[in-house]
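**Student:** My structure file work_9.txt, compact mmCIF, C-alpha atoms, is below:
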```txt
# COMPACT_ATOMS: atom_id res chain seq x y z
CA MET M 73 0.00 0.00 0.00
CA THR M 74 1.37 3.40 -0.91
CA THR M 75 0.24 6.65 0.61
CA GLY M 76 -2.85 7.96 -1.05
CA GLU M 77 -4.49 4.61 -1.72
CA PHE M 78 -7.63 3.68 0.14
CA LYS M 79 -6.69 1.45 3.04
CA ILE M 80 -8.55 -0.20 5.90
CA THR M 81 -6.48 -0.99 8.98
CA ILE M 82 -7.66 -3.16 11.84
CA HIS M 83 -6.05 -1.79 14.97
CA MET M 84 -5.84 -2.85 18.58
CA VAL M 85 -3.85 -1.98 21.66
CA SER M 86 -3.66 -5.07 23.81
CA SER M 87 -1.88 -6.83 26.61
CA LEU M 88 0.46 -9.72 25.77
CA ASP M 89 -2.45 -12.08 26.35
CA GLY M 90 -4.63 -10.24 23.85
CA MET M 91 -6.89 -8.33 26.24
CA ILE M 92 -8.04 -4.86 25.22
CA ALA M 93 -9.70 -3.93 28.51
CA ARG M 94 -9.54 -4.82 32.16
CA LYS M 95 -12.67 -6.22 33.70
CA ASP M 96 -13.17 -2.97 35.66
CA ASN M 97 -12.26 -0.84 32.59
CA ASN M 98 -9.42 0.83 34.51
CA VAL M 99 -6.81 1.91 31.94
CA SER M 100 -3.83 2.47 34.22
CA TRP M 101 -2.07 -0.46 32.46
CA PHE M 102 -1.52 1.86 29.48
CA ASP M 103 1.09 3.64 31.60
CA THR M 104 4.01 1.24 31.56
CA SER M 105 6.52 1.35 34.38
CA HIS M 106 9.60 -0.36 32.93
CA PRO M 107 11.38 1.45 30.10
CA TYR M 108 12.94 -0.38 27.17
CA ASP M 109 16.26 1.33 26.54
CA LYS M 110 16.69 -0.11 23.05
CA GLY M 111 13.29 1.22 21.97
CA VAL M 112 12.71 4.17 19.71
CA ALA M 113 11.15 7.28 21.14
CA GLY M 114 7.42 7.34 20.46
CA GLN M 115 6.34 9.16 17.35
CA ASP M 116 4.32 12.26 18.04
CA PRO M 117 0.84 10.82 18.62
CA GLU M 118 -0.77 14.04 17.37
CA GLU M 119 1.05 13.76 14.05
CA PHE M 120 0.31 10.06 13.75
CA LEU M 121 -3.38 10.34 14.56
CA LYS M 122 -3.71 13.12 11.97
CA THR M 123 -3.12 10.54 9.24
CA ILE M 124 -6.29 8.64 10.22
CA ASP M 125 -9.38 9.87 8.37
CA CYS M 126 -12.14 7.82 9.95
CA TYR M 127 -12.76 5.25 12.71
CA VAL M 128 -15.14 2.31 12.37
CA MET M 129 -16.30 0.26 15.35
CA GLY M 130 -18.92 -2.24 16.41
CA SER M 131 -21.76 -1.29 18.71
CA ARG M 132 -20.35 -2.99 21.79
CA THR M 133 -16.99 -1.32 21.31
CA TYR M 134 -18.87 1.96 21.02
CA GLU M 135 -20.75 1.30 24.27
CA HIS M 136 -17.44 0.41 25.91
CA ALA M 137 -15.82 3.60 24.61
CA LEU M 138 -18.81 5.61 25.86
CA GLU M 139 -18.45 4.05 29.30
CA LEU M 140 -14.71 4.82 29.32
CA SER M 141 -15.36 8.38 28.16
CA LYS M 142 -17.10 9.15 31.47
CA SER M 143 -13.76 8.79 33.23
CA TYR M 144 -11.17 9.40 30.56
CA GLY M 145 -12.85 11.43 27.81
CA TRP M 146 -13.82 10.30 24.32
CA ALA M 147 -10.80 8.51 22.83
CA TYR M 148 -11.41 9.26 19.15
CA GLY M 149 -11.44 13.06 19.18
CA ASP M 150 -13.34 14.93 16.49
CA LYS M 151 -12.59 12.37 13.77
CA PRO M 152 -15.52 10.95 11.83
CA THR M 153 -16.51 7.75 13.63
CA ILE M 154 -18.95 5.23 12.20
CA VAL M 155 -20.65 2.76 14.52
CA LEU M 156 -22.04 -0.37 12.91
CA THR M 157 -25.38 -0.93 14.59
CA GLY M 158 -29.05 -1.31 13.97
CA ARG M 159 -29.77 -0.32 17.56
CA ASP M 160 -30.80 3.08 18.87
CA LEU M 161 -27.78 4.07 20.93
CA PRO M 162 -27.03 7.32 22.77
CA ASN M 163 -25.00 9.86 20.79
CA ASP M 164 -24.16 13.42 21.71
CA LYS M 165 -21.43 14.08 19.13
CA PRO M 166 -21.93 15.35 15.58
CA ASN M 167 -18.94 13.38 14.28
CA ILE M 168 -20.41 10.01 15.33
CA GLU M 169 -22.70 8.31 12.87
CA PHE M 170 -24.65 5.05 13.17
CA TYR M 171 -24.72 2.77 10.16
CA ALA M 172 -26.99 -0.24 9.70
CA GLY M 173 -26.05 -1.34 6.18
CA THR M 174 -23.76 -4.18 5.14
CA LEU M 175 -19.99 -3.88 5.34
CA HIS M 176 -19.76 -3.90 1.55
CA GLN M 177 -22.15 -0.96 1.39
CA LEU M 178 -20.25 0.78 4.14
CA VAL M 179 -16.93 0.41 2.35
CA ASN M 180 -18.10 1.17 -1.18
CA GLU M 181 -20.73 3.82 -0.54
CA ARG M 182 -19.51 5.61 2.57
CA LEU M 183 -15.82 5.04 3.13
CA LYS M 184 -14.15 4.86 -0.28
CA PRO M 185 -15.70 8.06 -1.68
CA ARG M 186 -14.67 10.12 1.35
CA TYR M 187 -11.60 8.70 3.09
CA LYS M 188 -8.17 7.20 2.49
CA ASN M 189 -7.01 5.89 5.84
CA VAL M 190 -9.75 4.08 7.77
CA TRP M 191 -9.16 2.39 11.12
CA VAL M 192 -11.36 -0.42 12.40
CA VAL M 193 -10.93 -0.45 16.17
CA GLY M 194 -12.94 -3.55 17.13
CA GLY M 195 -14.48 -5.54 18.44
CA ALA M 196 -13.95 -9.20 17.70
CA LYS M 197 -17.18 -9.65 15.73
CA LEU M 198 -16.53 -6.72 13.41
CA THR M 199 -12.90 -7.78 12.94
CA LYS M 200 -14.10 -11.24 11.98
CA ASP M 201 -16.54 -9.82 9.45
CA PHE M 202 -13.90 -7.58 7.87
CA LEU M 203 -11.51 -10.54 7.59
CA ARG M 204 -14.15 -12.92 6.26
CA LEU M 205 -15.22 -10.46 3.57
CA LYS M 206 -11.58 -9.62 2.70
CA LEU M 207 -12.32 -5.94 3.23
CA ALA M 208 -9.35 -5.04 5.45
CA ASP M 209 -5.84 -4.38 4.13
CA GLU M 210 -3.68 -4.44 7.22
CA ILE M 211 -3.70 -5.22 10.90
CA ARG M 212 -1.70 -3.24 13.41
CA VAL M 213 -1.28 -4.56 16.93
CA SER M 214 0.30 -2.58 19.75
CA ILE M 215 1.30 -4.90 22.58
CA LEU M 216 1.84 -3.42 26.03
CA PRO M 217 4.21 -5.16 28.47
CA ILE M 218 1.64 -6.71 30.75
CA ILE M 219 -0.45 -9.86 31.10
CA LEU M 220 -3.96 -8.86 32.18
CA GLY M 221 -5.18 -12.41 32.66
CA GLU M 222 -8.83 -11.52 32.29
CA GLY M 223 -10.94 -8.86 30.64
CA LEU M 224 -12.14 -8.21 27.12
CA PRO M 225 -10.24 -10.18 24.45
CA PHE M 226 -9.81 -8.62 21.01
CA PHE M 227 -9.87 -11.73 18.84
CA ASP M 228 -11.83 -14.10 21.06
CA HIS M 229 -11.97 -17.20 18.83
CA ILE M 230 -13.10 -15.29 15.76
CA GLY M 231 -13.31 -18.52 13.79
CA GLN M 232 -11.65 -17.11 10.71
CA GLU M 233 -8.18 -18.16 9.63
CA GLN M 234 -6.16 -15.46 7.87
CA VAL M 235 -2.61 -15.55 6.55
CA LEU M 236 -0.60 -12.38 7.24
CA ARG M 237 2.58 -10.85 5.87
CA LEU M 238 4.76 -9.03 8.41
CA GLN M 239 5.34 -5.48 7.16
CA ASP M 240 7.02 -3.78 10.07
CA THR M 241 7.81 -4.02 13.76
CA MET M 242 8.76 -1.27 16.16
CA ALA M 243 9.65 -1.35 19.85
CA TYR M 244 9.17 1.84 21.84
CA LYS M 245 10.94 3.20 24.88
CA ASN M 246 7.85 2.56 27.02
CA GLY M 247 8.08 -1.17 26.26
CA MET M 248 5.24 -1.19 23.76
CA VAL M 249 5.83 -3.29 20.63
CA GLU M 250 3.94 -2.51 17.45
CA LEU M 251 3.47 -5.23 14.82
CA CYS M 252 2.09 -4.32 11.43
CA TYR M 253 0.86 -6.99 8.99
CA GLU M 254 -0.59 -6.99 5.51
CA ILE M 255 -3.73 -9.10 5.31
CA VAL M 256 -2.99 -11.50 2.45
CA LYS M 257 -6.03 -11.79 0.16
CA MET B 1024 19.68 -12.61 34.29
CA THR B 1025 23.20 -13.47 33.31
CA THR B 1026 24.28 -16.78 31.83
CA GLY B 1027 24.80 -19.38 34.48
CA GLU B 1028 22.06 -18.28 36.83
CA PHE B 1029 19.06 -20.53 37.29
CA LYS B 1030 16.25 -19.25 35.11
CA ILE B 1031 12.73 -20.39 34.31
CA THR B 1032 11.35 -19.23 30.95
CA ILE B 1033 7.72 -19.54 29.93
CA HIS B 1034 7.69 -20.10 26.19
CA MET B 1035 5.06 -20.31 23.51
CA VAL B 1036 4.86 -20.22 19.75
CA SER B 1037 1.52 -18.76 18.81
CA SER B 1038 -0.55 -17.15 16.11
CA LEU B 1039 -1.24 -13.42 16.33
CA ASP B 1040 -4.51 -14.24 18.09
CA GLY B 1041 -2.70 -16.27 20.76
CA MET B 1042 -3.53 -19.78 19.54
CA ILE B 1043 -0.91 -22.49 19.99
CA ALA B 1044 -2.69 -25.21 18.02
CA ARG B 1045 -5.26 -25.56 15.28
CA LYS B 1046 -8.43 -27.42 16.14
CA ASP B 1047 -7.30 -30.34 13.95
CA ASN B 1048 -3.71 -30.14 15.30
CA ASN B 1049 -2.34 -29.63 11.78
CA VAL B 1050 0.92 -27.68 12.11
CA SER B 1051 1.35 -26.47 8.53
CA TRP B 1052 0.89 -22.90 9.81
CA PHE B 1053 4.41 -23.10 11.23
CA ASP B 1054 5.66 -22.87 7.64
CA THR B 1055 5.16 -19.24 6.76
CA SER B 1056 4.77 -18.27 3.14
CA HIS B 1057 5.57 -14.55 3.09
CA PRO B 1058 9.16 -13.57 3.88
CA TYR B 1059 10.04 -10.47 5.87
CA ASP B 1060 13.00 -8.91 4.11
CA LYS B 1061 14.00 -6.74 7.06
CA GLY B 1062 14.15 -9.75 9.37
CA VAL B 1063 17.31 -11.36 10.66
CA ALA B 1064 18.19 -14.84 9.50
CA GLY B 1065 17.03 -17.41 12.02
CA GLN B 1066 19.57 -18.46 14.58
CA ASP B 1067 20.64 -22.08 14.25
CA PRO B 1068 17.82 -23.90 16.07
CA GLU B 1069 20.19 -26.72 17.01
CA GLU B 1070 22.53 -24.28 18.74
CA PHE B 1071 19.68 -22.45 20.42
CA LEU B 1072 17.92 -25.56 21.69
CA LYS B 1073 21.21 -26.80 23.14
CA THR B 1074 21.04 -24.00 25.73
CA ILE B 1075 17.81 -25.42 27.17
CA ASP B 1076 18.41 -27.93 29.98
CA CYS B 1077 14.91 -29.11 30.76
CA TYR B 1078 11.29 -28.75 29.64
CA VAL B 1079 8.34 -28.57 32.01
CA MET B 1080 4.75 -28.99 30.86
CA GLY B 1081 1.25 -29.64 32.13
CA SER B 1082 -0.48 -32.95 31.55
CA ARG B 1083 -2.81 -31.71 28.82
CA THR B 1084 0.08 -30.15 26.93
CA TYR B 1085 1.84 -33.51 27.25
CA GLU B 1086 -1.17 -35.35 25.87
CA HIS B 1087 -1.34 -32.83 23.04
CA ALA B 1088 2.39 -33.28 22.30
CA LEU B 1089 1.92 -37.06 22.36
CA GLU B 1090 -0.92 -36.77 19.87
CA LEU B 1091 1.18 -34.53 17.62
CA SER B 1092 4.14 -36.89 17.90
CA LYS B 1093 2.19 -39.56 16.00
CA SER B 1094 2.36 -37.38 12.89
CA TYR B 1095 5.34 -35.12 13.44
CA GLY B 1096 7.58 -36.84 15.96
CA TRP B 1097 8.24 -35.88 19.57
CA ALA B 1098 9.01 -32.15 19.62
CA TYR B 1099 11.30 -32.04 22.65
CA GLY B 1100 14.04 -34.44 21.59
CA ASP B 1101 16.08 -36.23 24.24
CA LYS B 1102 15.98 -33.32 26.71
CA PRO B 1103 14.79 -34.06 30.21
CA THR B 1104 11.06 -33.31 30.23
CA ILE B 1105 8.97 -33.12 33.39
CA VAL B 1106 5.20 -33.48 33.14
CA LEU B 1107 3.20 -32.13 36.06
CA THR B 1108 0.50 -34.66 36.69
CA GLY B 1109 -0.98 -36.96 39.27
CA ARG B 1110 -2.48 -39.09 36.52
CA ASP B 1111 -1.14 -42.32 35.10
CA LEU B 1112 -0.27 -41.30 31.54
CA PRO B 1113 1.43 -43.28 28.78
CA ASN B 1114 5.19 -42.81 28.53
CA ASP B 1115 7.65 -44.67 26.35
CA LYS B 1116 10.65 -42.38 26.75
CA PRO B 1117 13.29 -42.56 29.48
CA ASN B 1118 13.80 -38.77 29.44
CA ILE B 1119 10.17 -38.05 30.33
CA GLU B 1120 9.29 -37.97 34.01
CA PHE B 1121 5.93 -37.46 35.73
CA TYR B 1122 5.87 -35.27 38.80
CA ALA B 1123 2.98 -34.93 41.23
CA GLY B 1124 4.47 -32.58 43.83
CA THR B 1125 3.91 -28.85 44.24
CA LEU B 1126 5.57 -26.33 41.95
CA HIS B 1127 7.70 -25.07 44.84
CA GLN B 1128 8.94 -28.62 45.42
CA LEU B 1129 9.53 -29.09 41.73
CA VAL B 1130 11.60 -25.92 41.46
CA ASN B 1131 13.57 -26.25 44.68
CA GLU B 1132 14.10 -30.01 44.87
CA ARG B 1133 14.24 -31.10 41.22
CA LEU B 1134 15.03 -28.21 38.94
CA LYS B 1135 17.43 -25.93 40.82
CA PRO B 1136 19.90 -28.65 41.87
CA ARG B 1137 20.19 -30.01 38.32
CA TYR B 1138 19.49 -27.38 35.69
CA LYS B 1139 20.14 -23.76 34.74
CA ASN B 1140 17.85 -23.02 31.81
CA VAL B 1141 14.35 -24.45 32.26
CA TRP B 1142 11.56 -23.90 29.75
CA VAL B 1143 7.89 -24.12 30.71
CA VAL B 1144 6.01 -24.83 27.50
CA GLY B 1145 2.38 -24.62 28.71
CA GLY B 1146 -0.42 -24.91 29.03
CA ALA B 1147 -2.46 -22.04 30.35
CA LYS B 1148 -3.08 -23.56 33.79
CA LEU B 1149 0.60 -24.27 34.46
CA THR B 1150 1.58 -20.83 33.18
CA LYS B 1151 -0.94 -19.28 35.54
CA ASP B 1152 0.45 -21.25 38.48
CA PHE B 1153 4.05 -20.27 37.69
CA LEU B 1154 3.02 -16.61 37.45
CA ARG B 1155 0.91 -16.69 40.60
CA LEU B 1156 3.71 -18.26 42.62
CA LYS B 1157 6.30 -15.87 41.13
CA LEU B 1158 8.40 -18.84 40.06
CA ALA B 1159 9.08 -17.84 36.45
CA ASP B 1160 11.74 -15.31 35.41
CA GLU B 1161 10.93 -14.55 31.82
CA ILE B 1162 8.35 -15.11 29.14
CA ARG B 1163 9.28 -15.57 25.50
CA VAL B 1164 6.59 -15.41 22.84
CA SER B 1165 7.19 -16.28 19.20
CA ILE B 1166 4.36 -14.89 17.06
CA LEU B 1167 3.81 -16.39 13.63
CA PRO B 1168 2.21 -14.26 10.88
CA ILE B 1169 -1.24 -15.81 10.91
CA ILE B 1170 -4.59 -15.49 12.63
CA LEU B 1171 -5.91 -18.98 13.39
CA GLY B 1172 -9.28 -17.81 14.64
CA GLU B 1173 -9.94 -20.92 16.67
CA GLY B 1174 -7.98 -23.66 18.38
CA LEU B 1175 -6.11 -23.95 21.63
CA PRO B 1176 -5.31 -20.59 23.28
CA PHE B 1177 -2.14 -20.28 25.34
CA PHE B 1178 -3.25 -17.79 27.97
CA ASP B 1179 -7.01 -18.36 27.92
CA HIS B 1180 -8.13 -15.92 30.64
CA ILE B 1181 -5.54 -17.07 33.14
CA GLY B 1182 -6.93 -14.67 35.73
CA GLN B 1183 -3.52 -13.48 36.88
CA GLU B 1184 -2.27 -9.98 36.17
CA GLN B 1185 1.49 -9.71 35.71
CA VAL B 1186 3.61 -6.68 34.88
CA LEU B 1187 6.39 -7.37 32.36
CA ARG B 1188 9.57 -5.61 31.30
CA LEU B 1189 10.43 -5.84 27.61
CA GLN B 1190 13.95 -7.27 27.28
CA ASP B 1191 14.33 -7.90 23.60
CA THR B 1192 12.49 -8.22 20.31
CA MET B 1193 13.59 -9.89 17.12
CA ALA B 1194 11.91 -10.23 13.73
CA TYR B 1195 12.98 -13.12 11.51
CA LYS B 1196 13.06 -13.53 7.76
CA ASN B 1197 10.16 -15.98 7.91
CA GLY B 1198 7.94 -13.28 9.43
CA MET B 1199 8.07 -14.65 12.97
CA VAL B 1200 8.47 -12.05 15.72
CA GLU B 1201 9.99 -13.02 19.05
CA LEU B 1202 9.22 -10.95 22.15
CA CYS B 1203 11.15 -11.58 25.34
CA TYR B 1204 10.00 -10.14 28.67
CA GLU B 1205 11.27 -10.24 32.22
CA ILE B 1206 8.53 -11.17 34.65
CA VAL B 1207 8.62 -8.35 37.21
CA LYS B 1208 8.38 -9.74 40.73
```
What's the structure tokens form of this structure?
**Tutor:**
Amino acid sequence: MTTGEFKITIHMVSSLDGMIARKDNNVSWFDTSHPYDKGVAGQDPEEFLKTIDCYVMGSRTYEHALELSKSYGWAYGDKPTIVLTGRDLPNDKPNIEFYAGTLHQLVNERLKPRYKNVWVVGGAKLTKDFLRLKLADEIRVSILPIILGEGLPFFDHIGQEQVLRLQDTMAYKNGMVELCYEIVK
Amino acid sequence: MTTGEFKITIHMVSSLDGMIARKDNNVSWFDTSHPYDKGVAGQDPEEFLKTIDCYVMGSRTYEHALELSKSYGWAYGDKPTIVLTGRDLPNDKPNIEFYAGTLHQLVNERLKPRYKNVWVVGGAKLTKDFLRLKLADEIRVSILPIILGEGLPFFDHIGQEQVLRLQDTMAYKNGMVELCYEIVK
């Protein structure tokens, strides 16, 4: 993928055991306590996040993000955010849109005409659907140096086998490792 | 940890979604098909495996390895291998020993007097016990470039939170990424 092409990235930040949230939703595990001297300094998150045009998430992930936002603020800023749902969910932000169509419709009618760099941020069901329909181009996993042991798993037996091609890895000074894979179609 | 000290390493080879075996036990996913040009050439496995003095595994992992050995041979060679079990399991190898004591007894009475570099190779229950009792020193995860989607998970909600310190990462030409963490006690 070169810059400028339309691209859908599945993204998660997880513990080593694949959890994306503690049972009590406390996010203190994002602050790591043991530096990795060989790591690169983190890229400017502001600059990096600017490259994302739109977030897509499932309805449970949205409800989880809403719950978290009460304590930590809304994590996705003012970016366009599309929630896949047929349900009537609370929404107090103009940049959040509910969508009840198919994923093919979403991609072809809503995403491709407007955006280049789309991030799917979970959950497991939506990830599975994107993989099954071969609609995602890459998967980017940021692994924090902790085992949570319980909580909300990202993949959770998604029942869909998918070959990947490693594109890049990066270890950061805070001990986070980022793995980026092309989804082989 | 410096060479020569007694060290217990928890090790797994898994898919990106944390599976260590396919449902049908087929291991063709170990042969990756998309090279990673930036990766280092693999270290000589023979040389590397020589540094391991002893394997420790749970009884289900042993049964799984036995099942696999019918098609692919016994994966742990002639190394001393201790299976934690109180059950009467089949065993046709002189280097495999069953042990029914506690993990503290195992470590202090059997492992420390004889070995330096011990590898715990699963499963989830044994890993949890080693973490809970603070008996393991490091965890080494080798992630292959595939999502299996179902199968046998390594961690499987082990219910034990554990802070880690990233020690090293390495990406190989076959697309496998190895992450090595100190288990912070």
**Student:** With a cut-off of 9 Å and counting all atoms listed in the file, select all residues of chain M in contact with chain B and give the selection as an NGL selection string.
**Tutor:** :M and (88-91 or 101 or 104-110 or 200 or 213 or 216-223 or 225-243 or 246-249 or 251 or 253)
**Student:** Write out as a CSV table (one decimal) with C-alpha atoms, in the frame of the given file the residues lying within 8 Å of Gly1145 (chain B), counting only C-alpha atoms and excluding same-chain residues fewer than 6 positions away.
**Tutor:**
```
chain,number,residue,atom,x,y,z
B,1033,ILE,CA,7.7,-19.5,29.9
B,1034,HIS,CA,7.7,-20.1,26.2
B,1035,MET,CA,5.1,-20.3,23.5
B,1079,VAL,CA,8.3,-28.6,32.0
B,1080,MET,CA,4.8,-29.0,30.9
B,1081,GLY,CA,1.2,-29.6,32.1
B,1084,THR,CA,0.1,-30.2,26.9
B,1177,PHE,CA,-2.1,-20.3,25.3
```
**Student:** Give me, as a list in words, all polymer residues having an atom no more than 10 Å from Pro185 (chain M), counting all atoms listed in the file and skipping those fewer than 5 positions away in the same chain.
**Tutor:**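 Final neighbour list, sorted by chain and number: Phe78, Val179 and Asn180 of chain M.
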**Student:** Do you have the CA of Tyr171 (chain M)-CA of Thr81 (chain M) distance handy?
**Tutor:** 18.7 Å
**Student:** Would you work out the distance separating CA of Lys1102 (chain B) from CA of Glu1090 (chain B), expressed in Å to one decimal?
**Tutor:** 18.6 Å
**Student:** Would you list the residues near (-18.7, 0.7, 25.5), meaning any protein, DNA or RNA residue with an atom at most 12 Å from that point in file coordinates, counting all atoms listed in the file, as an MDAnalysis selection string?
**Tutor:** chainID M and resid 93 97 129:142 146:147 155 161:162 194:195 224
**Student:** Between CA of Ala113 (chain M) and CA of Val192 (chain M), what is the spacing in Å?
**Tutor:**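 Computing the Euclidean distance for CA of Val192 (chain M) and CA of Ala113 (chain M) yields 25.3 Å.
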**Student:** Please list as a ChimeraX atom specification every residue within 10 Å of Gly76 (chain M), counting all atoms listed in the file and excluding residues in the same chain fewer than 6 positions away.
**Tutor:** /M:187-189
**Student:** Would you save the residues from that selection as a PDB file, keeping the file's coordinate frame, using C-alpha atoms?
**Tutor:**
```
ATOM      1  CA  TYR M 187     -11.600   8.700   3.090  1.00  0.00           C
ATOM      2  CA  LYS M 188      -8.170   7.200   2.490  1.00  0.00           C
ATOM      3  CA  ASN M 189      -7.010   5.890   5.840  1.00  0.00           C
TER       4      ASN M 189
END
```
